[in-house]
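Undergrad: You'll find target07.pdb just under this line, and it carries PDB, C-alpha atoms and all ligand atoms.
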```pdb
ATOM      1  CA  MET A   1       2.127  -4.629 -21.330
ATOM      2  CA  SER A   2       0.877  -3.376 -17.995
ATOM      3  CA  ILE A   3      -1.094  -5.704 -15.758
ATOM      4  CA  TYR A   4      -3.583  -2.892 -15.264
ATOM      5  CA  GLN A   5      -6.145  -2.225 -17.922
ATOM      6  CA  ASN A   6      -6.536   1.225 -19.391
ATOM      7  CA  LYS A   7      -9.974   2.488 -18.415
ATOM      8  CA  ILE A   8      -9.768   5.709 -20.408
ATOM      9  CA  THR A   9      -7.489   6.461 -23.339
ATOM     10  CA  LEU A  10      -7.538   9.714 -25.286
ATOM     11  CA  SER A  11      -5.247   9.918 -28.261
ATOM     12  CA  HIS A  12      -4.417  13.171 -30.078
ATOM     13  CA  ILE A  13      -7.793  14.796 -29.507
ATOM     14  CA  LYS A  14      -8.594  18.009 -31.279
ATOM     15  CA  LYS A  15     -11.787  19.995 -30.702
ATOM     16  CA  SER A  16     -13.032  23.438 -31.732
ATOM     17  CA  PHE A  17     -16.294  25.263 -31.152
ATOM     18  CA  GLY A  18     -16.940  27.263 -34.310
ATOM     19  CA  THR A  19     -13.714  29.047 -35.103
ATOM     20  CA  ALA A  20     -12.409  28.805 -31.545
ATOM     21  CA  GLU A  21      -9.850  26.072 -31.136
ATOM     22  CA  ILE A  22     -10.273  24.655 -27.609
ATOM     23  CA  LEU A  23      -8.334  21.405 -27.467
ATOM     24  CA  LYS A  24      -5.285  21.159 -29.651
ATOM     25  CA  ASP A  25      -3.611  17.842 -28.967
ATOM     26  CA  ILE A  26      -4.764  15.936 -25.901
ATOM     27  CA  SER A  27      -3.525  12.441 -25.156
ATOM     28  CA  LEU A  28      -4.017  10.819 -21.773
ATOM     29  CA  GLU A  29      -4.387   7.491 -20.061
ATOM     30  CA  VAL A  30      -6.203   6.455 -16.907
ATOM     31  CA  LYS A  31      -5.530   2.973 -15.607
ATOM     32  CA  GLU A  32      -7.795   0.805 -13.502
ATOM     33  CA  GLY A  33      -7.914   1.897  -9.872
ATOM     34  CA  GLN A  34      -5.974   5.109 -10.487
ATOM     35  CA  VAL A  35      -6.903   8.604  -9.432
ATOM     36  CA  VAL A  36      -5.791  10.961 -12.189
ATOM     37  CA  ALA A  37      -6.037  14.746 -12.037
ATOM     38  CA  LEU A  38      -6.459  17.177 -14.917
ATOM     39  CA  LEU A  39      -4.989  20.439 -13.740
ATOM     40  CA  GLY A  40      -5.401  23.556 -15.803
ATOM     41  CA  PRO A  41      -6.472  27.172 -15.826
ATOM     42  CA  SER A  42     -10.107  28.166 -16.004
ATOM     43  CA  GLY A  43     -11.444  28.057 -19.558
ATOM     44  CA  SER A  44      -8.673  25.768 -20.803
ATOM     45  CA  GLY A  45     -11.106  23.066 -21.909
ATOM     46  CA  LYS A  46     -11.187  20.677 -18.947
ATOM     47  CA  SER A  47     -14.955  20.216 -18.838
ATOM     48  CA  THR A  48     -14.895  19.823 -22.618
ATOM     49  CA  ILE A  49     -12.598  16.815 -22.153
ATOM     50  CA  PHE A  50     -15.197  15.244 -19.846
ATOM     51  CA  ASN A  51     -17.963  15.896 -22.354
ATOM     52  CA  LEU A  52     -15.866  14.089 -24.962
ATOM     53  CA  ILE A  53     -15.272  11.119 -22.665
ATOM     54  CA  THR A  54     -19.002  10.690 -22.020
ATOM     55  CA  GLY A  55     -19.782  11.063 -25.717
ATOM     56  CA  LEU A  56     -21.833  14.230 -25.244
ATOM     57  CA  ILE A  57     -19.724  15.826 -27.962
ATOM     58  CA  VAL A  58     -17.414  14.331 -30.567
ATOM     59  CA  PRO A  59     -13.815  15.237 -31.412
ATOM     60  CA  GLU A  60     -12.671  16.500 -34.799
ATOM     61  CA  GLU A  61      -9.562  14.443 -34.655
ATOM     62  CA  GLY A  62      -8.200  11.709 -32.458
ATOM     63  CA  THR A  63      -9.664   8.685 -30.715
ATOM     64  CA  ILE A  64     -11.342   8.059 -27.379
ATOM     65  CA  ASP A  65     -11.470   4.653 -25.805
ATOM     66  CA  VAL A  66     -13.500   4.096 -22.643
ATOM     67  CA  ASN A  67     -13.464   0.702 -21.041
ATOM     68  CA  GLY A  68     -16.336   0.600 -18.556
ATOM     69  CA  LYS A  69     -19.396   2.481 -17.407
ATOM     70  CA  VAL A  70     -18.846   6.132 -16.619
ATOM     71  CA  GLY A  71     -20.474   8.301 -13.975
ATOM     72  CA  TYR A  72     -20.148  12.065 -14.264
ATOM     73  CA  MET A  73     -20.411  14.511 -11.397
ATOM     74  CA  TYR A  74     -20.894  17.861 -13.042
ATOM     75  CA  GLN A  75     -19.301  21.113 -12.040
ATOM     76  CA  ASN A  76     -21.855  22.929  -9.810
ATOM     77  CA  ASP A  77     -24.006  19.819  -9.539
ATOM     78  CA  THR A  78     -27.128  20.591  -7.565
ATOM     79  CA  MET A  79     -30.017  18.847  -5.869
ATOM     80  CA  VAL A  80     -33.692  19.661  -6.280
ATOM     81  CA  PRO A  81     -34.681  21.626  -3.190
ATOM     82  CA  TRP A  82     -38.167  20.153  -2.830
ATOM     83  CA  LYS A  83     -37.076  16.518  -2.694
ATOM     84  CA  LYS A  84     -35.639  14.834   0.377
ATOM     85  CA  VAL A  85     -31.933  14.059   0.326
ATOM     86  CA  ILE A  86     -32.610  10.332  -0.067
ATOM     87  CA  ASP A  87     -34.831  10.926  -3.095
ATOM     88  CA  ASN A  88     -32.364  13.331  -4.649
ATOM     89  CA  ILE A  89     -29.668  10.690  -4.432
ATOM     90  CA  ALA A  90     -32.080   8.060  -5.751
ATOM     91  CA  LEU A  91     -33.164  10.196  -8.713
ATOM     92  CA  PRO A  92     -30.816   8.751 -11.354
ATOM     93  CA  LEU A  93     -31.739   5.226 -10.254
ATOM     94  CA  ARG A  94     -35.397   6.152 -10.674
ATOM     95  CA  PHE A  95     -34.629   7.509 -14.157
ATOM     96  CA  GLN A  96     -33.181   4.097 -14.930
ATOM     97  CA  GLY A  97     -36.535   2.593 -14.072
ATOM     98  CA  MET A  98     -35.931   1.409 -10.521
ATOM     99  CA  LYS A  99     -38.919   1.378  -8.161
ATOM    100  CA  LYS A 100     -38.937   4.031  -5.443
ATOM    101  CA  ARG A 101     -38.627   1.594  -2.576
ATOM    102  CA  GLU A 102     -35.805  -0.352  -4.172
ATOM    103  CA  ALA A 103     -33.923   2.834  -5.059
ATOM    104  CA  ARG A 104     -34.261   4.154  -1.518
ATOM    105  CA  GLU A 105     -33.019   0.864  -0.093
ATOM    106  CA  LYS A 106     -29.980   1.024  -2.302
ATOM    107  CA  VAL A 107     -29.181   4.564  -1.142
ATOM    108  CA  VAL A 108     -29.613   3.658   2.535
ATOM    109  CA  GLY A 109     -26.839   1.069   2.266
ATOM    110  CA  TYR A 110     -24.308   3.814   1.507
ATOM    111  CA  LEU A 111     -25.405   6.606   3.837
ATOM    112  CA  ASP A 112     -22.890   5.743   6.527
ATOM    113  CA  THR A 113     -19.874   5.544   4.192
ATOM    114  CA  PHE A 114     -20.848   8.857   2.653
ATOM    115  CA  GLY A 115     -21.348  10.578   6.009
ATOM    116  CA  LEU A 116     -25.051  11.180   5.485
ATOM    117  CA  LEU A 117     -26.639   8.850   7.995
ATOM    118  CA  GLY A 118     -29.487  10.618   9.769
ATOM    119  CA  TYR A 119     -29.846  13.237   7.032
ATOM    120  CA  GLU A 120     -31.696  11.131   4.476
ATOM    121  CA  ASP A 121     -35.108  12.609   5.285
ATOM    122  CA  LYS A 122     -33.915  16.207   5.391
ATOM    123  CA  TYR A 123     -34.131  18.603   2.478
ATOM    124  CA  PRO A 124     -30.955  19.729   0.652
ATOM    125  CA  GLY A 125     -31.187  23.243   2.091
ATOM    126  CA  MET A 126     -30.435  21.816   5.528
ATOM    127  CA  LEU A 127     -27.115  20.231   4.528
ATOM    128  CA  SER A 128     -23.670  21.811   4.812
ATOM    129  CA  GLY A 129     -21.650  22.367   1.640
ATOM    130  CA  GLY A 130     -19.528  19.307   2.317
ATOM    131  CA  MET A 131     -22.575  17.120   2.875
ATOM    132  CA  LYS A 132     -24.189  18.347  -0.320
ATOM    133  CA  GLN A 133     -21.092  17.339  -2.240
ATOM    134  CA  ARG A 134     -20.997  13.922  -0.598
ATOM    135  CA  ALA A 135     -24.649  13.461  -1.541
ATOM    136  CA  ASN A 136     -23.899  14.487  -5.133
ATOM    137  CA  PHE A 137     -20.968  12.122  -5.173
ATOM    138  CA  LEU A 138     -23.107   9.229  -3.922
ATOM    139  CA  LYS A 139     -25.734  10.073  -6.535
ATOM    140  CA  THR A 140     -23.072   9.810  -9.232
ATOM    141  CA  TYR A 141     -21.473   6.720  -7.755
ATOM    142  CA  LEU A 142     -24.719   4.718  -7.657
ATOM    143  CA  THR A 143     -25.168   4.903 -11.404
ATOM    144  CA  SER A 144     -21.494   4.663 -12.344
ATOM    145  CA  GLY A 145     -19.876   1.451 -13.264
ATOM    146  CA  ASP A 146     -16.339   1.721 -12.098
ATOM    147  CA  ILE A 147     -15.198   4.969 -13.699
ATOM    148  CA  ILE A 148     -16.067   8.286 -12.082
ATOM    149  CA  LEU A 149     -15.482  11.724 -13.551
ATOM    150  CA  LEU A 150     -15.432  14.527 -10.981
ATOM    151  CA  ASP A 151     -15.506  18.076 -12.330
ATOM    152  CA  GLU A 152     -14.097  20.433  -9.681
ATOM    153  CA  PRO A 153     -15.930  18.573  -6.913
ATOM    154  CA  PHE A 154     -14.719  20.825  -4.106
ATOM    155  CA  GLY A 155     -14.662  24.114  -5.968
ATOM    156  CA  ALA A 156     -17.446  25.744  -3.974
ATOM    157  CA  LEU A 157     -16.246  24.708  -0.507
ATOM    158  CA  ASP A 158     -14.275  26.685   2.060
ATOM    159  CA  SER A 159     -10.665  25.538   2.441
ATOM    160  CA  MET A 160     -11.111  23.632   5.707
ATOM    161  CA  THR A 161     -14.138  21.700   4.510
ATOM    162  CA  ARG A 162     -12.283  21.113   1.301
ATOM    163  CA  LYS A 163      -9.302  19.501   3.062
ATOM    164  CA  LYS A 164     -11.626  17.231   5.022
ATOM    165  CA  MET A 165     -13.476  16.249   1.874
ATOM    166  CA  GLN A 166     -10.225  15.450   0.075
ATOM    167  CA  SER A 167      -9.174  13.061   2.841
ATOM    168  CA  TRP A 168     -12.621  11.535   2.844
ATOM    169  CA  LEU A 169     -12.556  11.088  -0.930
ATOM    170  CA  LEU A 170      -9.222   9.278  -0.731
ATOM    171  CA  SER A 171     -10.479   6.819   1.861
ATOM    172  CA  VAL A 172     -13.766   6.153   0.128
ATOM    173  CA  THR A 173     -12.238   5.653  -3.327
ATOM    174  CA  LYS A 174      -9.837   3.128  -1.879
ATOM    175  CA  GLU A 175     -12.767   1.289  -0.341
ATOM    176  CA  MET A 176     -14.709   1.326  -3.625
ATOM    177  CA  GLY A 177     -11.744   0.495  -5.833
ATOM    178  CA  ALA A 178     -13.020   3.069  -8.296
ATOM    179  CA  THR A 179     -11.098   4.637 -11.149
ATOM    180  CA  ILE A 180     -11.295   8.403 -10.931
ATOM    181  CA  LEU A 181     -10.527  11.227 -13.318
ATOM    182  CA  LEU A 182     -10.743  14.526 -11.505
ATOM    183  CA  ILE A 183     -10.682  18.096 -12.736
ATOM    184  CA  THR A 184      -9.178  20.780 -10.560
ATOM    185  CA  HIS A 185      -7.396  24.095 -10.847
ATOM    186  CA  ASP A 186      -5.807  23.645  -7.409
ATOM    187  CA  ILE A 187      -2.225  22.331  -7.511
ATOM    188  CA  GLU A 188      -2.244  21.054  -3.918
ATOM    189  CA  GLU A 189      -5.524  19.254  -4.431
ATOM    190  CA  ALA A 190      -4.142  17.546  -7.532
ATOM    191  CA  ILE A 191      -0.996  16.352  -5.744
ATOM    192  CA  PHE A 192      -2.823  15.264  -2.617
ATOM    193  CA  LEU A 193      -5.428  13.192  -4.444
ATOM    194  CA  ALA A 194      -3.850  11.895  -7.605
ATOM    195  CA  ASP A 195      -1.494   9.132  -8.661
ATOM    196  CA  LYS A 196      -0.837  11.094 -11.816
ATOM    197  CA  VAL A 197      -1.346  14.751 -12.719
ATOM    198  CA  TYR A 198      -1.727  16.058 -16.259
ATOM    199  CA  VAL A 199      -0.922  19.738 -16.528
ATOM    200  CA  LEU A 200      -2.886  21.546 -19.232
ATOM    201  CA  SER A 201      -1.997  24.778 -20.971
ATOM    202  CA  ASP A 202      -4.314  27.698 -21.574
ATOM    203  CA  LYS A 203      -6.595  27.226 -24.529
ATOM    204  CA  PRO A 204      -6.089  25.844 -27.048
ATOM    205  CA  ALA A 205      -5.191  23.155 -24.528
ATOM    206  CA  THR A 206      -2.251  20.868 -24.864
ATOM    207  CA  ILE A 207      -0.683  18.646 -22.213
ATOM    208  CA  LEU A 208       2.279  20.615 -20.895
ATOM    209  CA  GLY A 209       3.495  17.811 -18.715
ATOM    210  CA  GLU A 210       2.634  14.728 -16.746
ATOM    211  CA  VAL A 211       3.716  14.114 -13.171
ATOM    212  CA  GLN A 212       3.557  10.745 -11.409
ATOM    213  CA  VAL A 213       2.811  11.222  -7.726
ATOM    214  CA  ALA A 214       3.702   8.714  -5.020
ATOM    215  CA  PHE A 215       4.268   8.924  -1.288
ATOM    216  CA  ASP A 216       5.827   6.327   1.007
ATOM    217  CA  ALA A 217       2.951   6.285   3.457
ATOM    218  CA  GLU A 218      -0.799   6.669   3.274
ATOM    219  CA  ARG A 219      -1.754  10.270   2.568
ATOM    220  CA  THR A 220      -2.873  12.365   5.508
ATOM    221  CA  GLU A 221      -2.872  16.083   6.254
ATOM    222  CA  ALA A 222       0.790  15.676   7.252
ATOM    223  CA  THR A 223       1.549  14.724   3.641
ATOM    224  CA  LEU A 224       0.933  18.359   2.699
ATOM    225  CA  LEU A 225       4.028  19.327   4.704
ATOM    226  CA  GLU A 226       6.385  16.672   3.378
ATOM    227  CA  GLU A 227       9.402  17.737   1.391
ATOM    228  CA  ARG A 228       8.324  15.508  -1.468
ATOM    229  CA  PHE A 229       4.975  17.288  -1.596
ATOM    230  CA  LEU A 230       6.753  20.614  -2.011
ATOM    231  CA  LEU A 231       8.979  19.163  -4.718
ATOM    232  CA  TYR A 232       5.922  18.040  -6.671
ATOM    233  CA  LYS A 233       4.470  21.484  -6.217
ATOM    234  CA  LYS A 234       7.621  23.071  -7.605
ATOM    235  CA  GLU A 235       7.737  20.624 -10.503
ATOM    236  CA  ILE A 236       4.148  21.449 -11.484
ATOM    237  CA  THR A 237       4.604  25.188 -11.007
ATOM    238  CA  ASP A 238       7.648  25.038 -13.276
ATOM    239  CA  ILE A 239       5.661  23.169 -15.930
ATOM    240  CA  LEU A 240       2.880  25.784 -15.745
ATOM    241  CA  GLN A 241       5.407  28.585 -16.197
ATOM    242  CA  SER A 242       7.346  26.899 -18.978
TER     243      SER A 242
HETATM  244  P1  LIG B   1     -12.773  24.621 -18.253
HETATM  245  O1  LIG B   1     -13.641  23.495 -17.781
HETATM  246  O2  LIG B   1     -11.325  24.273 -18.338
HETATM  247  O3  LIG B   1     -12.957  25.867 -17.441
HETATM  248  P2  LIG B   1     -14.453  24.463 -20.624
HETATM  249  O4  LIG B   1     -14.135  23.134 -21.186
HETATM  250  O5  LIG B   1     -15.721  24.592 -19.870
HETATM  251  O6  LIG B   1     -13.209  24.991 -19.745
HETATM  252  O7  LIG B   1     -14.500  25.532 -21.787
HETATM  253  C1  LIG B   1     -13.382  25.812 -22.613
HETATM  254  C2  LIG B   1     -13.782  26.851 -23.633
HETATM  255  O8  LIG B   1     -14.716  26.291 -24.543
HETATM  256  C3  LIG B   1     -14.462  28.081 -23.055
HETATM  257  O9  LIG B   1     -13.976  29.198 -23.733
HETATM  258  C4  LIG B   1     -15.922  27.856 -23.325
HETATM  259  O10 LIG B   1     -16.596  29.063 -23.454
HETATM  260  C5  LIG B   1     -15.889  27.057 -24.604
HETATM  261  N1  LIG B   1     -17.032  26.136 -24.753
HETATM  262  C6  LIG B   1     -17.279  25.079 -23.949
HETATM  263  N2  LIG B   1     -18.372  24.392 -24.361
HETATM  264  C7  LIG B   1     -18.835  25.040 -25.461
HETATM  265  C8  LIG B   1     -19.924  24.837 -26.369
HETATM  266  N3  LIG B   1     -20.761  23.801 -26.234
HETATM  267  N4  LIG B   1     -20.072  25.713 -27.382
HETATM  268  C9  LIG B   1     -19.214  26.745 -27.542
HETATM  269  N5  LIG B   1     -18.167  26.992 -26.741
HETATM  270  C10 LIG B   1     -17.962  26.158 -25.707
HETATM  271 MG    MG B   2     -14.992  23.449 -16.240
END
```
Go ahead and render the structure in this file as structure tokens.
TA:
Amino acid sequence: MSIYQNKITLSHIKKSFGTAEILKDISLEVKEGQVVALLGPSGSGKSTIFNLITGLIVPEEGTIDVNGKVGYMYQNDTMVPWKKVIDNIALPLRFQGMKKREAREKVVGYLDTFGLLGYEDKYPGMLSGGMKQRANFLKTYLTSGDIILLDEPFGALDSMTRKKMQSWLLSVTKEMGATILLITHDIEEAIFLADKVYVLSDKPATILGEVQVAFDAERTEATLLEERFLLYKKEITDILQS
């Protein structure tokens, strides 16, 4: 038995919407402290897997075991334009019944780590794309236990901002010791961020393959140019074409 607990276990999940079979046979494991990527084409059922994990929908077959409190950052998550950044981030805490002042104080403690210090009293329209995503991430993090689901968190960003955000995410997740399951359709993003990558087929989705990712040193932008990085890329490309 592993010393690390499984935080999420999906076993032989099957799910259809009406007559359309979406997930055929999905089994996956996420261990404590891991970053795991779900990589697959658009429409393959990735967001559906997240909805199953949070219990929003139920599978037809198979079992789901979640060991902890889950936070979910939705694809295209947005902030309300008429509320200050601080109050947007505090919103889920307020929904949980926390007083405004207490919720704001909690947010303030994280502004520096999330690169938002000095922007708390601005409105969302004044933030860059990267800052908006960091704010959304903080919003999710504050009401998560230790498991965070990120659905294409950098999808809407330009490639340079995206690279910066990926490095930032790595450093901050290490600091938080969070367990992360991340959806992406970007091979490089999956390799750069994850300890393990599950490669999904087109729908109906099955797991085509699973790749363990490890580098000798801490990941930086230079990692993207390492030979091992390219080998992972080839391995995943081959799985996708198999
Ligand atoms: P991905 O996130 O990989 O792009 P999704 O999980 O969002 O894919 O969707 C997979 C397929 O399931 C799509 O064809 C989508 O239209 C369909 N689908 C998703 N949710 C529902 C739903 N609640 N009802 C009917 N069809 C759905
Ligand atoms: Mg999706």
Undergrad: I need the residue set behind the PyMOL selection byres (((chain A and resi 141-153) around 8) and not hetatm) for this file; please write it as a PyMOL selection string.
TA: chain A and resi 7+47+50+68-76+92-93+107+133+137-140+154-156+177-185
Undergrad: To one decimal place in Å, what is the distance between atom CA of Leu170 of chain A and atom CA of Ala90 of chain A?
TA: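 Pair atom CA of Leu170 of chain A / atom CA of Ala90 of chain A returns 23.4 Å.
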Undergrad: Just give me the gap between atom CA of Ser242 of chain A and atom CA of Leu208 of chain A in Å, one decimal is fine.
TA: 8.3 Å
Undergrad: Rank nothing, just name the residue among A:Thr48, A:Ser171, A:Thr223, A:Ser11 nearest to Glu61 of chain A, using all atoms listed in the file.
TA: A:Ser11
Undergrad: How would you write as a ChimeraX atom specification the residues that get within 12 Å of (3.4, 18.1, -2.5) in the file's frame, counting only C-alpha atoms?
TA: /A:186-195,197,211-215,219-237
Undergrad: Just so the selection is clear, what residues does the PyMOL selection byres (((chain A and resi 18-30) around 10) and not hetatm) cover here, as a ChimeraX atom specification?
TA: /A:4-17,31-38,43-46,48-49,59-66,147,179-181,195-196,198,200-208,210
Undergrad: Please dump the current selection as an mmCIF file, keeping the file's coordinate frame; keep C-alpha atoms.
TA:
```cif
data_model
loop_
_atom_site.group_PDB
_atom_site.id
_atom_site.type_symbol
_atom_site.label_atom_id
_atom_site.label_comp_id
_atom_site.auth_asym_id
_atom_site.auth_seq_id
_atom_site.Cartn_x
_atom_site.Cartn_y
_atom_site.Cartn_z
ATOM 1 C CA TYR A 4 -3.583 -2.892 -15.264
ATOM 2 C CA GLN A 5 -6.145 -2.225 -17.922
ATOM 3 C CA ASN A 6 -6.536 1.225 -19.391
ATOM 4 C CA LYS A 7 -9.974 2.488 -18.415
ATOM 5 C CA ILE A 8 -9.768 5.709 -20.408
ATOM 6 C CA THR A 9 -7.489 6.461 -23.339
ATOM 7 C CA LEU A 10 -7.538 9.714 -25.286
ATOM 8 C CA SER A 11 -5.247 9.918 -28.261
ATOM 9 C CA HIS A 12 -4.417 13.171 -30.078
ATOM 10 C CA ILE A 13 -7.793 14.796 -29.507
ATOM 11 C CA LYS A 14 -8.594 18.009 -31.279
ATOM 12 C CA LYS A 15 -11.787 19.995 -30.702
ATOM 13 C CA SER A 16 -13.032 23.438 -31.732
ATOM 14 C CA PHE A 17 -16.294 25.263 -31.152
ATOM 15 C CA LYS A 31 -5.530 2.973 -15.607
ATOM 16 C CA GLU A 32 -7.795 0.805 -13.502
ATOM 17 C CA GLY A 33 -7.914 1.897 -9.872
ATOM 18 C CA GLN A 34 -5.974 5.109 -10.487
ATOM 19 C CA VAL A 35 -6.903 8.604 -9.432
ATOM 20 C CA VAL A 36 -5.791 10.961 -12.189
ATOM 21 C CA ALA A 37 -6.037 14.746 -12.037
ATOM 22 C CA LEU A 38 -6.459 17.177 -14.917
ATOM 23 C CA GLY A 43 -11.444 28.057 -19.558
ATOM 24 C CA SER A 44 -8.673 25.768 -20.803
ATOM 25 C CA GLY A 45 -11.106 23.066 -21.909
ATOM 26 C CA LYS A 46 -11.187 20.677 -18.947
ATOM 27 C CA THR A 48 -14.895 19.823 -22.618
ATOM 28 C CA ILE A 49 -12.598 16.815 -22.153
ATOM 29 C CA PRO A 59 -13.815 15.237 -31.412
ATOM 30 C CA GLU A 60 -12.671 16.500 -34.799
ATOM 31 C CA GLU A 61 -9.562 14.443 -34.655
ATOM 32 C CA GLY A 62 -8.200 11.709 -32.458
ATOM 33 C CA THR A 63 -9.664 8.685 -30.715
ATOM 34 C CA ILE A 64 -11.342 8.059 -27.379
ATOM 35 C CA ASP A 65 -11.470 4.653 -25.805
ATOM 36 C CA VAL A 66 -13.500 4.096 -22.643
ATOM 37 C CA ILE A 147 -15.198 4.969 -13.699
ATOM 38 C CA THR A 179 -11.098 4.637 -11.149
ATOM 39 C CA ILE A 180 -11.295 8.403 -10.931
ATOM 40 C CA LEU A 181 -10.527 11.227 -13.318
ATOM 41 C CA ASP A 195 -1.494 9.132 -8.661
ATOM 42 C CA LYS A 196 -0.837 11.094 -11.816
ATOM 43 C CA TYR A 198 -1.727 16.058 -16.259
ATOM 44 C CA LEU A 200 -2.886 21.546 -19.232
ATOM 45 C CA SER A 201 -1.997 24.778 -20.971
ATOM 46 C CA ASP A 202 -4.314 27.698 -21.574
ATOM 47 C CA LYS A 203 -6.595 27.226 -24.529
ATOM 48 C CA PRO A 204 -6.089 25.844 -27.048
ATOM 49 C CA ALA A 205 -5.191 23.155 -24.528
ATOM 50 C CA THR A 206 -2.251 20.868 -24.864
ATOM 51 C CA ILE A 207 -0.683 18.646 -22.213
ATOM 52 C CA LEU A 208 2.279 20.615 -20.895
ATOM 53 C CA GLU A 210 2.634 14.728 -16.746
#
```
Undergrad: Report, in Å with one decimal, the straight-line distance from atom CA of Lys100 of chain A to atom CA of Lys174 of chain A.
TA: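 Separation of atom CA of Lys100 of chain A and atom CA of Lys174 of chain A: 29.3 Å.
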Undergrad: Specify as a list in words each residue included when the PyMOL selection byres (((chain A and resi 104) around 10) and not hetatm) is applied to this file.
TA: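 Applying the expression gives Ile86, Asp87, Asn88, Ile89, Ala90, Leu91, Leu93, Arg94, Met98, Lys99, Lys100, Arg101, Glu102, Ala103, Glu105, Lys106, Val107, Val108, Gly109 and Glu120 of chain A.
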Undergrad: Output, as JSON, the centre and edge lengths in Å (one decimal) of the axis-aligned box that contains all listed atoms of ligand LIG 1 (chain B) with 6 Å of margin on each side.
TA:
```
{"center_x": -16.0, "center_y": 26.2, "center_z": -22.5, "size_x": 21.4, "size_y": 18.1, "size_z": 22.1}
```
Undergrad: My list of candidates is A:Asp77, A:Asp158, A:Asn67, A:Leu116. Which is closest to ligand MG 2 (chain B) when distances are computed with only C-alpha atoms and all ligand atoms?
TA: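 Counting only C-alpha atoms and all ligand atoms, the residue closest to ligand MG 2 (chain B) is A:Asp77.
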Undergrad: Could you tell me which of A:Val199, A:Leu111, A:Val172, A:Ile239 comes closest to ligand LIG 1 (chain B) if we count all atoms listed in the file?
TA: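 Distance minimum relative to ligand LIG 1 (chain B) lands on A:Val199.
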